[in-house]
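Peer 1: Quick one: this structure, given as structure tokens, is what I'll be asking you about.
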Amino acid sequence: MKGAPTIRSVDQDDAAAILHAQHQTLMRAYQTRYIVLPAVGAGGSIIAQLNRRYDPPELARLDASRPGLERALIARHADAAITAAAGSDVVAYAEALLPRLRAELENPFTAFLRSTPNREAHYRDFL
């Protein structure tokens, strides 16, 4: 597909790289619902940029991958959060969220993000 991102080969034993690719794919699947253009334009027509980033067959493929990725990556975390938040005060939950996230142990995904020189771009894509 013209304008498709280049995907590097990932060693199937590289769990951190696979997890990272899964997270990036899930975030891209969420982006299919919104028009998100880069902060710095590539030049040329805005229509050409939209066509490159929002190719309908590619968006359909990404959207189809979303439920499986959500089950694999976030379902258990979402279920635990729902259980933990049951009957709690939303304000107290929101105030405790950042300190709790900061206290989490490092995992392969966050270790990869900390080690890459492209971490700012990955954080921006994630958010």
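If you're wondering about the labels, chains in the structure tokens are A, B, ... by order shown, residues count from 1 in each chain, ligands from 1 in order shown.
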From a backbone DSSP assignment, name each residue in segment 4-123 of chain A labelled helix (DSSP H, G or I), as a VMD selection string.
Peer 2: chain A and resid 15 to 31 46 to 53 56 to 73 75 to 85 90 to 103 108 to 115 119 to 123
Peer 1: Which residues are close to segment 104-107 of chain A, i.e. within 12 Å by only C-alpha atoms, leaving aside same-chain residues fewer than 6 positions away? Reply as number ranges by chain.
Peer 2: A: 15-17, 19-20, 97-98, 113-115
Peer 1: For the residues selected in the previous step, produce a file with C-alpha atoms as a compact mmCIF listing (two decimals), in the first residue's frame.
Peer 2:
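New file out.txt:
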# COMPACT_ATOMS: atom_id res chain seq x y z
CA ALA A 15 8.86 -10.26 23.68
CA ALA A 16 9.42 -6.55 24.34
CA ALA A 17 9.42 -5.70 20.63
CA LEU A 19 4.51 -6.18 22.95
CA HIS A 20 5.54 -2.76 21.69
CA LEU A 97 -4.20 7.55 39.62
CA LEU A 98 -0.89 9.27 38.78
CA LEU A 113 10.11 3.18 25.77
CA ARG A 114 12.74 4.33 28.26
CA SER A 115 15.54 2.91 26.13
Peer 1: With distances taken over only C-alpha atoms, which of A:Ala86, A:Gln22, A:Tyr54, A:Ala121 is nearest to Ile74 of chain A?
Peer 2: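 Among the listed residues, A:Gln22 lies closest to Ile74 of chain A.
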Peer 1: For atom CA of Pro67 of chain A and atom CA of Tyr30 of chain A, determine how far apart the two atoms are, in Å to one decimal place.
Peer 2: 10.7 Å
